Amino acid sequence: MAEKQTVRLCYHIINAHFGPVTAQVASTLLIRGRLPLPQLARLTPGVSPREVRLALLVLVQHNIVWHSEDEIDGEVYEINWEEPVSRLRFGRYIMVVRDKLGDTAAEVLSFVLDNGKLKVGQVIESLAFEDPKQVKKYRFAFHTLVDQKYLKPCTAKSHISPRDRLIQHEAQCKRERTNEGGNSILTPKELVEIKMMAAKRIQQEEEEADALGMVHRSTLEENRSTKKKNLTEDGRVVNEDVFFKVNYPKLNTCIRNEIIIEAALHRYNAQTAEVLRAALQASEDRQLNLLDFRSEPVGQHDISSKLSSTSVLLNGIRTSKKSYSPSVKDYVALLCNDDNHTPVGVASAFMAPLSGGGGGSGRVTVEFDRIGRRLKQRVYESNVRERFGDDGVKVIRILIDKGKMDEKHLSKVALIAPNVLRPLLTRLSAASLVSLQEVPKSADRNPSRTYYLWYVDLAKAYSNLLSALYQTLANIVARTAEEESQVRPSLDKRDRTDLNGQEHLLNRHDLAVLNEWEEKQERLHVLAMRVEENVFILRDMLGDPEPER
């Protein structure tokens with residue numbers, strides 16, 4: 001079951017994309033958790049069992065609902081709440097593919113996003129209209145998306161919750177160990193080994209599923225000798241018997257890289273950001289998800305080969321020497337903070353040299369975990385600054401750096417008067433941005449003999465901030481739907497077939513209403529993208545705060 005604001009956000013997103021009936025079924029699953037079909041139909045008010053089944057078909061087709069067999073209830077359904085939230089990034093996903101692979105690949109990706117999961121033949125039949133040239137173009141675009149992991153095969157096990165798959169494999173490993181003559185009561189060490197073995201089997205299943213996307217020509221010729229296939233360089237073709245869906249983790253790595261490049265641009269300059277972009281592109285093929293703490297090592301030659309030209313490096317670093325021309329080595333040293341080996345300097349670096357390599361001729365890695373930690377703290381500080389001003393940011397920075405402090409000591413360090421600091425800390429605490437620790441002097445816990453220490457619990461603060469961002473996103477989606485309903489008559493007139501897109505035939509009132517709606521829609525979409533980027537940083541990127549010892 002999801003948190004309150006998450007349920008509200010998912011409901012509004014599904015309502016906007018699939019209608020109120022499907023949203024009502026999804027809301028029941030979000031609130032109640034996994035349910036069998038009869039119980040789900042009984043707990044969904046105002047929706048008939050037939051409509052519940054049809055809504056489940058839609059949600060399963062779009063990868064929003066998992067279904068699996070339960071020993072007691074039979075087939076049960078469970079919602080994947082991360083899937084509706086990811087739908088807010090569809091526009092950004094299409095932009096990423098358009099920039100990297102062109103308009104045709106972006107059109108294919110958009111069509112798959114609209115339909116959940118499809119076979120290559122279904123995509124080509126719907127987009128190419130039996131034109132041989134178009135068929136070849138869309139087949140090549142589809143192959144490129146599969147080859148570069150932007151699309152991945154969807155198997156029967158993809159519809160089962162990852163948690164259920166892990167439990168099934170753990171139970172199977174336990175049975176195997178018991179059948180081998182082991183003790184039925186497992187030790188903690190054996191339980192850890194079983195969990196690791198189950199995770200390894202799931203990883204093997206994922207690798208086997210990914211391998212289904214491409215097959216060799218000989219395999220296809222055995223099954224379909226009369227059909228022509230678009231061959232790859234190594235003789236592989238897209239498997240036409242497999243359904244494909246969009247690979248969100250791969251596309252999320254592209255969004256993360258753009259955010260990191262923007263952070264480097266904000267901190268340094270355009271030339272340094274281009275060097276960092278080249279370093280990320282050099283290892284982009286091996287970035288499959290957001291779980292890597294750092295990128296694969298890349299050398300200066302790899303970075304130089306990804307730069308459009310060496311002229312982009314000019315004027316990025318200024319020195320007293322007039323004839324000085326900065327090289328990739330200088331920018332890498334800058335990104336590694338080679339001139340600052342203190343803990344603060346190491347923590348604020350974008351790159352890190354491999355041991356024994358150095359920032360010069362050696363290879364370097366992009367530190368995703370360190371960068372994510374800084375970006376999360378920046379989102380947290382920007383929220384505090386917006387609500388509580390610069391004094392609030394000063395207080396939380398001191399508490400993060402120094403740890404637990406009482407009010408008197410904090411007032412001296414922050415140079416803020418006690419009568420100003422006390423209400424500020426109260427408001428920060430009410431917003432769950434700072435926390436209070438009581439340390440009693442005696443066992444009776446008398447308030448007059450108790451120390452009150454203020455500190456920042458970053459995990460708690462990020463969680464509450466993420467919930468507030470979900471609430472904001474839900475408000476934006478609901479506001480967009482309400483604004484659209486108010487101009488629906490004018491939109492229906494514009495979409496009439498007899499007008500054929502000629503808006504100048506509309507009357508003056510409808511034109512004014514449509515222009516105003518388009519401006520509002522653009523503003524709301526831009527606002528949603530900004531808020532969703534903060535959600536992406538807080539929820540998806542690495543850099544979680546270290547647990548207190």
# chains A, B, ... in the order shown; residues from 1 in each chain; ligands from 1
>>> residues_around(residues="Ala481 (chain A)", least_positions_apart="2", cutoff="10 Å", atoms="only C-alpha atoms", output="JSON, numbers by chain")
{"A": [12, 13, 15, 16, 475, 476, 477, 478, 479, 483, 484, 485, 486, 521]}
>>> residues_around(residues="Arg286 (chain A)", least_positions_apart="6", cutoff="12 Å", atoms="only C-alpha atoms", output="PyMOL selection string")
chain A and resi 148-149+250+253-254+280+292+294-298
>>> select_by_dssp(residues="region 261-424 of chain A", states="helix (DSSP H, G or I)", output="mmCIF file with N, CA and C atoms, in the first residue's frame")
data_model
loop_
_atom_site.group_PDB
_atom_site.id
_atom_site.type_symbol
_atom_site.label_atom_id
_atom_site.label_comp_id
_atom_site.auth_asym_id
_atom_site.auth_seq_id
_atom_site.Cartn_x
_atom_site.Cartn_y
_atom_site.Cartn_z
ATOM 1 N N ILE A 261 25.210 17.151 -15.880
ATOM 2 C CA ILE A 261 25.859 18.124 -16.766
ATOM 3 C C ILE A 261 25.371 19.534 -16.461
ATOM 4 N N GLU A 262 24.089 19.683 -16.201
ATOM 5 C CA GLU A 262 23.551 21.005 -15.847
ATOM 6 C C GLU A 262 24.153 21.506 -14.534
ATOM 7 N N ALA A 263 24.363 20.597 -13.577
ATOM 8 C CA ALA A 263 24.991 20.992 -12.312
ATOM 9 C C ALA A 263 26.424 21.455 -12.534
ATOM 10 N N ALA A 264 27.171 20.767 -13.413
ATOM 11 C CA ALA A 264 28.538 21.194 -13.734
ATOM 12 C C ALA A 264 28.549 22.536 -14.439
ATOM 13 N N LEU A 265 27.585 22.763 -15.309
ATOM 14 C CA LEU A 265 27.477 24.058 -15.985
ATOM 15 C C LEU A 265 27.185 25.174 -14.993
ATOM 16 N N HIS A 266 26.326 24.880 -14.030
ATOM 17 C CA HIS A 266 25.991 25.882 -13.011
ATOM 18 C C HIS A 266 27.188 26.191 -12.116
ATOM 19 N N ARG A 267 28.015 25.182 -11.859
ATOM 20 C CA ARG A 267 29.145 25.381 -10.943
ATOM 21 C C ARG A 267 30.381 25.929 -11.660
ATOM 22 N N ALA A 270 30.573 26.348 -19.478
ATOM 23 C CA ALA A 270 30.105 25.480 -20.568
ATOM 24 C C ALA A 270 31.191 24.522 -21.028
ATOM 25 N N GLN A 271 32.454 24.947 -21.042
ATOM 26 C CA GLN A 271 33.534 24.079 -21.513
ATOM 27 C C GLN A 271 33.718 22.876 -20.588
ATOM 28 N N THR A 272 33.687 23.129 -19.284
ATOM 29 C CA THR A 272 33.826 22.032 -18.321
ATOM 30 C C THR A 272 32.643 21.079 -18.414
ATOM 31 N N ALA A 273 31.445 21.634 -18.624
ATOM 32 C CA ALA A 273 30.258 20.786 -18.767
ATOM 33 C C ALA A 273 30.366 19.898 -20.009
ATOM 34 N N GLU A 274 30.956 20.409 -21.090
ATOM 35 C CA GLU A 274 31.110 19.601 -22.299
ATOM 36 C C GLU A 274 32.098 18.456 -22.081
ATOM 37 N N VAL A 275 33.154 18.700 -21.318
ATOM 38 C CA VAL A 275 34.095 17.620 -21.007
ATOM 39 C C VAL A 275 33.398 16.544 -20.172
ATOM 40 N N LEU A 276 32.597 16.957 -19.216
ATOM 41 C CA LEU A 276 31.860 15.990 -18.402
ATOM 42 C C LEU A 276 30.846 15.225 -19.260
ATOM 43 N N ARG A 277 30.200 15.920 -20.203
ATOM 44 C CA ARG A 277 29.278 15.241 -21.110
ATOM 45 C C ARG A 277 30.003 14.171 -21.931
ATOM 46 N N ALA A 278 31.199 14.511 -22.421
ATOM 47 C CA ALA A 278 31.974 13.554 -23.201
ATOM 48 C C ALA A 278 32.362 12.335 -22.353
ATOM 49 N N ALA A 279 32.707 12.566 -21.093
ATOM 50 C CA ALA A 279 33.063 11.447 -20.212
ATOM 51 C C ALA A 279 31.867 10.538 -19.969
ATOM 52 N N LEU A 280 30.688 11.120 -19.828
ATOM 53 C CA LEU A 280 29.482 10.312 -19.626
ATOM 54 C C LEU A 280 29.113 9.556 -20.901
ATOM 55 N N GLN A 281 29.273 10.193 -22.049
ATOM 56 C CA GLN A 281 28.970 9.519 -23.313
ATOM 57 C C GLN A 281 29.929 8.366 -23.576
ATOM 58 N N ALA A 282 31.169 8.487 -23.112
ATOM 59 C CA ALA A 282 32.147 7.421 -23.338
ATOM 60 C C ALA A 282 31.760 6.130 -22.623
ATOM 61 N N GLU A 284 28.395 5.520 -21.730
ATOM 62 C CA GLU A 284 26.930 5.492 -21.746
ATOM 63 C C GLU A 284 26.381 4.110 -22.083
ATOM 64 N N ASP A 285 27.047 3.374 -22.957
ATOM 65 C CA ASP A 285 26.551 2.056 -23.350
ATOM 66 C C ASP A 285 26.498 1.091 -22.179
ATOM 67 N N ARG A 286 27.328 1.296 -21.174
ATOM 68 C CA ARG A 286 27.367 0.384 -20.022
ATOM 69 C C ARG A 286 26.553 0.894 -18.846
ATOM 70 N N GLN A 300 41.520 9.774 -21.040
ATOM 71 C CA GLN A 300 41.471 11.060 -21.730
ATOM 72 C C GLN A 300 41.230 10.887 -23.219
ATOM 73 N N HIS A 301 41.769 9.834 -23.792
ATOM 74 C CA HIS A 301 41.544 9.602 -25.223
ATOM 75 C C HIS A 301 40.068 9.342 -25.500
ATOM 76 N N ASP A 302 39.406 8.582 -24.606
ATOM 77 C CA ASP A 302 37.972 8.327 -24.781
ATOM 78 C C ASP A 302 37.177 9.624 -24.698
ATOM 79 N N ILE A 303 37.558 10.486 -23.762
ATOM 80 C CA ILE A 303 36.851 11.757 -23.617
ATOM 81 C C ILE A 303 37.084 12.638 -24.837
ATOM 82 N N SER A 304 38.310 12.700 -25.309
ATOM 83 C CA SER A 304 38.624 13.535 -26.477
ATOM 84 C C SER A 304 37.879 13.071 -27.723
ATOM 85 N N SER A 305 37.715 11.752 -27.871
ATOM 86 C CA SER A 305 37.027 11.231 -29.053
ATOM 87 C C SER A 305 35.549 11.586 -29.069
ATOM 88 N N LYS A 306 34.952 11.868 -27.910
ATOM 89 C CA LYS A 306 33.535 12.212 -27.831
ATOM 90 C C LYS A 306 33.282 13.707 -27.965
ATOM 91 N N THR A 310 38.109 20.290 -30.578
ATOM 92 C CA THR A 310 38.919 20.815 -29.471
ATOM 93 C C THR A 310 38.676 22.296 -29.242
ATOM 94 N N SER A 311 37.987 22.955 -30.157
ATOM 95 C CA SER A 311 37.735 24.393 -29.987
ATOM 96 C C SER A 311 36.779 24.671 -28.836
ATOM 97 N N VAL A 312 35.991 23.649 -28.439
ATOM 98 C CA VAL A 312 35.061 23.873 -27.329
ATOM 99 C C VAL A 312 35.798 24.059 -26.011
ATOM 100 N N LEU A 313 37.088 23.700 -25.961
ATOM 101 C CA LEU A 313 37.848 23.805 -24.720
ATOM 102 C C LEU A 313 38.468 25.186 -24.537
ATOM 103 N N VAL A 328 42.188 18.573 -22.287
ATOM 104 C CA VAL A 328 41.264 17.702 -21.556
ATOM 105 C C VAL A 328 41.822 17.373 -20.175
ATOM 106 N N LYS A 329 43.149 17.232 -20.099
ATOM 107 C CA LYS A 329 43.784 16.928 -18.816
ATOM 108 C C LYS A 329 43.477 17.994 -17.778
ATOM 109 N N ASP A 330 43.498 19.269 -18.179
ATOM 110 C CA ASP A 330 43.237 20.356 -17.232
ATOM 111 C C ASP A 330 41.793 20.332 -16.744
ATOM 112 N N TYR A 331 40.862 20.066 -17.652
ATOM 113 C CA TYR A 331 39.450 20.021 -17.243
ATOM 114 C C TYR A 331 39.164 18.817 -16.355
ATOM 115 N N VAL A 332 39.812 17.693 -16.648
ATOM 116 C CA VAL A 332 39.632 16.513 -15.800
ATOM 117 C C VAL A 332 40.174 16.781 -14.397
ATOM 118 N N ALA A 333 41.322 17.448 -14.322
ATOM 119 C CA ALA A 333 41.882 17.802 -13.012
ATOM 120 C C ALA A 333 40.947 18.742 -12.264
ATOM 121 N N LEU A 334 40.317 19.664 -12.990
ATOM 122 C CA LEU A 334 39.365 20.573 -12.360
ATOM 123 C C LEU A 334 38.158 19.824 -11.825
ATOM 124 N N LEU A 335 37.627 18.889 -12.603
ATOM 125 C CA LEU A 335 36.461 18.120 -12.166
ATOM 126 C C LEU A 335 36.801 17.149 -11.042
ATOM 127 N N PRO A 343 38.636 16.489 2.819
ATOM 128 C CA PRO A 343 37.371 15.743 2.719
ATOM 129 C C PRO A 343 36.273 16.522 2.001
ATOM 130 N N VAL A 344 36.215 17.840 2.234
ATOM 131 C CA VAL A 344 35.209 18.661 1.553
ATOM 132 C C VAL A 344 35.475 18.694 0.055
ATOM 133 N N GLY A 345 36.745 18.831 -0.334
ATOM 134 C CA GLY A 345 37.083 18.849 -1.746
ATOM 135 C C GLY A 345 36.789 17.536 -2.440
ATOM 136 N N VAL A 346 37.090 16.427 -1.785
ATOM 137 C CA VAL A 346 36.808 15.111 -2.369
ATOM 138 C C VAL A 346 35.305 14.906 -2.516
ATOM 139 N N ALA A 347 34.535 15.334 -1.493
ATOM 140 C CA ALA A 347 33.086 15.141 -1.533
ATOM 141 C C ALA A 347 32.411 16.009 -2.580
ATOM 142 N N PHE A 368 28.628 9.103 -9.318
ATOM 143 C CA PHE A 368 27.189 9.322 -9.271
ATOM 144 C C PHE A 368 26.685 9.471 -7.834
ATOM 145 N N ASP A 369 27.235 8.690 -6.912
ATOM 146 C CA ASP A 369 26.754 8.728 -5.529
ATOM 147 C C ASP A 369 27.065 10.073 -4.878
ATOM 148 N N ARG A 370 28.288 10.568 -5.037
ATOM 149 C CA ARG A 370 28.641 11.859 -4.448
ATOM 150 C C ARG A 370 27.815 12.990 -5.062
ATOM 151 N N ILE A 371 27.671 12.965 -6.379
ATOM 152 C CA ILE A 371 26.911 14.026 -7.044
ATOM 153 C C ILE A 371 25.452 13.980 -6.612
ATOM 154 N N GLY A 372 24.885 12.774 -6.516
ATOM 155 C CA GLY A 372 23.499 12.654 -6.071
ATOM 156 C C GLY A 372 23.295 13.159 -4.659
ATOM 157 N N ARG A 373 24.269 12.913 -3.782
ATOM 158 C CA ARG A 373 24.152 13.400 -2.410
ATOM 159 C C ARG A 373 24.123 14.930 -2.371
ATOM 160 N N ARG A 374 24.962 15.561 -3.197
ATOM 161 C CA ARG A 374 24.971 17.026 -3.234
ATOM 162 C C ARG A 374 23.687 17.589 -3.855
ATOM 163 N N LEU A 375 23.201 16.928 -4.906
ATOM 164 C CA LEU A 375 21.985 17.407 -5.551
ATOM 165 C C LEU A 375 20.784 17.296 -4.622
ATOM 166 N N LYS A 376 20.713 16.217 -3.867
ATOM 167 C CA LYS A 376 19.609 16.071 -2.923
ATOM 168 C C LYS A 376 19.663 17.147 -1.851
ATOM 169 N N GLN A 377 20.861 17.424 -1.353
ATOM 170 C CA GLN A 377 20.977 18.474 -0.348
ATOM 171 C C GLN A 377 20.647 19.839 -0.947
ATOM 172 N N ARG A 378 20.963 20.041 -2.227
ATOM 173 C CA ARG A 378 20.630 21.310 -2.863
ATOM 174 C C ARG A 378 19.119 21.491 -2.994
ATOM 175 N N VAL A 379 18.401 20.408 -3.338
ATOM 176 C CA VAL A 379 16.940 20.486 -3.404
ATOM 177 C C VAL A 379 16.369 20.777 -2.027
ATOM 178 N N TYR A 380 16.918 20.122 -1.021
ATOM 179 C CA TYR A 380 16.474 20.348 0.366
ATOM 180 C C TYR A 380 16.716 21.786 0.792
ATOM 181 N N GLU A 381 17.887 22.319 0.490
ATOM 182 C CA GLU A 381 18.205 23.696 0.872
ATOM 183 C C GLU A 381 17.373 24.710 0.103
ATOM 184 N N SER A 382 17.106 24.446 -1.164
ATOM 185 C CA SER A 382 16.275 25.377 -1.932
ATOM 186 C C SER A 382 14.860 25.433 -1.389
ATOM 187 N N ASN A 383 14.347 24.290 -0.923
ATOM 188 C CA ASN A 383 13.020 24.282 -0.313
ATOM 189 C C ASN A 383 13.010 25.065 0.988
ATOM 190 N N VAL A 384 14.077 24.898 1.792
ATOM 191 C CA VAL A 384 14.164 25.645 3.049
ATOM 192 C C VAL A 384 14.301 27.142 2.775
ATOM 193 N N ARG A 385 15.105 27.519 1.790
ATOM 194 C CA ARG A 385 15.286 28.941 1.474
ATOM 195 C C ARG A 385 13.979 29.575 1.007
ATOM 196 N N GLU A 386 13.217 28.841 0.215
ATOM 197 C CA GLU A 386 11.956 29.381 -0.297
ATOM 198 C C GLU A 386 10.950 29.609 0.823
ATOM 199 N N ARG A 387 10.963 28.759 1.833
ATOM 200 C CA ARG A 387 9.952 28.840 2.892
ATOM 201 C C ARG A 387 10.431 29.600 4.119
ATOM 202 N N PHE A 388 11.734 29.572 4.400
ATOM 203 C CA PHE A 388 12.227 30.143 5.655
ATOM 204 C C PHE A 388 13.369 31.130 5.464
ATOM 205 N N GLY A 389 13.770 31.407 4.241
ATOM 206 C CA GLY A 389 14.786 32.416 3.990
ATOM 207 C C GLY A 389 16.205 31.907 4.197
ATOM 208 N N ASP A 390 17.145 32.862 4.110
ATOM 209 C CA ASP A 390 18.575 32.511 4.215
ATOM 210 C C ASP A 390 18.958 32.049 5.620
ATOM 211 N N ASP A 391 18.286 32.568 6.641
ATOM 212 C CA ASP A 391 18.595 32.125 8.006
ATOM 213 C C ASP A 391 18.283 30.645 8.190
ATOM 214 N N GLY A 392 17.198 30.178 7.564
ATOM 215 C CA GLY A 392 16.870 28.757 7.662
ATOM 216 C C GLY A 392 17.931 27.895 7.011
ATOM 217 N N VAL A 393 18.462 28.320 5.851
ATOM 218 C CA VAL A 393 19.515 27.568 5.188
ATOM 219 C C VAL A 393 20.782 27.557 6.025
ATOM 220 N N LYS A 394 21.096 28.701 6.632
ATOM 221 C CA LYS A 394 22.287 28.775 7.481
ATOM 222 C C LYS A 394 22.183 27.797 8.651
ATOM 223 N N VAL A 395 21.018 27.706 9.262
ATOM 224 C CA VAL A 395 20.824 26.822 10.417
ATOM 225 C C VAL A 395 20.992 25.357 10.018
ATOM 226 N N ILE A 396 20.353 24.950 8.925
ATOM 227 C CA ILE A 396 20.426 23.523 8.560
ATOM 228 C C ILE A 396 21.831 23.154 8.077
ATOM 229 N N ARG A 397 22.532 24.079 7.443
ATOM 230 C CA ARG A 397 23.898 23.765 7.024
ATOM 231 C C ARG A 397 24.807 23.565 8.231
ATOM 232 N N ILE A 398 24.642 24.374 9.236
ATOM 233 C CA ILE A 398 25.446 24.218 10.453
ATOM 234 C C ILE A 398 25.128 22.903 11.139
ATOM 235 N N LEU A 399 23.819 22.548 11.217
ATOM 236 C CA LEU A 399 23.434 21.305 11.875
ATOM 237 C C LEU A 399 23.930 20.089 11.097
ATOM 238 N N ILE A 400 23.904 20.157 9.767
ATOM 239 C CA ILE A 400 24.418 19.038 8.966
ATOM 240 C C ILE A 400 25.921 18.887 9.164
ATOM 241 N N ASP A 401 26.630 20.006 9.255
ATOM 242 C CA ASP A 401 28.088 19.963 9.374
ATOM 243 C C ASP A 401 28.538 19.599 10.787
ATOM 244 N N LYS A 402 27.907 20.170 11.794
ATOM 245 C CA LYS A 402 28.349 19.996 13.182
ATOM 246 C C LYS A 402 27.659 18.870 13.919
ATOM 247 N N GLU A 407 20.269 24.871 21.538
ATOM 248 C CA GLU A 407 19.840 26.159 20.984
ATOM 249 C C GLU A 407 20.828 27.275 21.290
ATOM 250 N N LYS A 408 21.397 27.258 22.478
ATOM 251 C CA LYS A 408 22.322 28.329 22.865
ATOM 252 C C LYS A 408 23.591 28.273 22.016
ATOM 253 N N HIS A 409 24.160 27.089 21.875
ATOM 254 C CA HIS A 409 25.364 26.938 21.068
ATOM 255 C C HIS A 409 25.088 27.252 19.600
ATOM 256 N N LEU A 410 23.948 26.806 19.082
ATOM 257 C CA LEU A 410 23.588 27.065 17.697
ATOM 258 C C LEU A 410 23.430 28.565 17.448
ATOM 259 N N SER A 411 22.894 29.266 18.413
ATOM 260 C CA SER A 411 22.735 30.717 18.265
ATOM 261 C C SER A 411 24.085 31.414 18.134
ATOM 262 N N LYS A 412 25.066 30.970 18.911
ATOM 263 C CA LYS A 412 26.391 31.585 18.842
ATOM 264 C C LYS A 412 27.088 31.278 17.519
ATOM 265 N N VAL A 413 26.985 30.020 17.064
ATOM 266 C CA VAL A 413 27.670 29.635 15.824
ATOM 267 C C VAL A 413 27.022 30.290 14.615
ATOM 268 N N ALA A 414 25.691 30.351 14.595
ATOM 269 C CA ALA A 414 24.971 30.907 13.450
ATOM 270 C C ALA A 414 24.895 32.427 13.485
ATOM 271 N N PRO A 418 18.888 34.689 19.937
ATOM 272 C CA PRO A 418 18.030 33.608 20.434
ATOM 273 C C PRO A 418 16.553 33.847 20.199
ATOM 274 N N ASN A 419 16.099 35.111 20.352
ATOM 275 C CA ASN A 419 14.676 35.381 20.159
ATOM 276 C C ASN A 419 14.254 35.259 18.686
ATOM 277 N N VAL A 420 15.223 35.251 17.757
ATOM 278 C CA VAL A 420 14.934 35.011 16.333
ATOM 279 C C VAL A 420 15.089 33.532 15.995
ATOM 280 N N LEU A 421 16.081 32.888 16.615
ATOM 281 C CA LEU A 421 16.364 31.497 16.305
ATOM 282 C C LEU A 421 15.279 30.565 16.829
ATOM 283 N N ARG A 422 14.736 30.850 18.023
ATOM 284 C CA ARG A 422 13.771 29.936 18.637
ATOM 285 C C ARG A 422 12.521 29.749 17.765
ATOM 286 N N PRO A 423 11.846 30.804 17.325
ATOM 287 C CA PRO A 423 10.678 30.571 16.451
ATOM 288 C C PRO A 423 11.048 29.965 15.096
ATOM 289 N N LEU A 424 12.254 30.254 14.612
ATOM 290 C CA LEU A 424 12.686 29.656 13.347
ATOM 291 C C LEU A 424 12.837 28.151 13.483
#
>>> select_by_dssp(residues="region 37-263 of chain A", states="strand (DSSP E)", output="PyMOL selection string")
chain A and resi 65-70+74-79+151-154+214-216+236-238+243-246
>>> closest_atom_pairs(of="region 75-130 of chain A", to="region 22-27 of chain A", cutoff="10 Å", atoms="only C-alpha atoms", output="JSON lines")
{"residue": "A:Glu78", "atom": "CA", "partner": "A:Ala26", "partner_atom": "CA", "distance": 9.2}
{"residue": "A:Ile79", "atom": "CA", "partner": "A:Ala26", "partner_atom": "CA", "distance": 7.1}
{"residue": "A:Asn80", "atom": "CA", "partner": "A:Ala26", "partner_atom": "CA", "distance": 9.8}
{"residue": "A:Trp81", "atom": "CA", "partner": "A:Ala26", "partner_atom": "CA", "distance": 9.3}
>>> write_last_selection(atoms="N, CA and C atoms", output="CSV table (one decimal), in the first residue's frame")
chain,number,residue,atom,x,y,z
A,78,GLU,N,-1.8,-6.6,-7.9
A,78,GLU,CA,-1.1,-5.6,-7.1
A,78,GLU,C,-0.6,-4.5,-8.0
A,79,ILE,N,-0.8,-3.3,-7.6
A,79,ILE,CA,-0.4,-2.1,-8.4
A,79,ILE,C,1.1,-1.8,-8.2
A,80,ASN,N,1.7,-1.4,-9.3
A,80,ASN,CA,3.1,-0.9,-9.3
A,80,ASN,C,3.0,0.6,-9.3
A,81,TRP,N,3.0,1.2,-8.1
A,81,TRP,CA,2.8,2.7,-8.0
A,81,TRP,C,3.8,3.5,-8.7
>>> atom_distance(atom1="CA of Leu212 (chain A)", atom2="CA of Met197 (chain A)")
23.1 Å
>>> residues_around(residues="Ile202 (chain A)", least_positions_apart="5", cutoff="8 Å", atoms="only C-alpha atoms", output="list in words")
Arg165, Leu166 and His169 of chain A
>>> atom_distance(atom1="CA of Thr28 (chain A)", atom2="CA of Ala41 (chain A)")
9.4 Å
>>> atom_distance(atom1="CA of Arg539 (chain A)", atom2="CA of Leu466 (chain A)")
7.5 Å
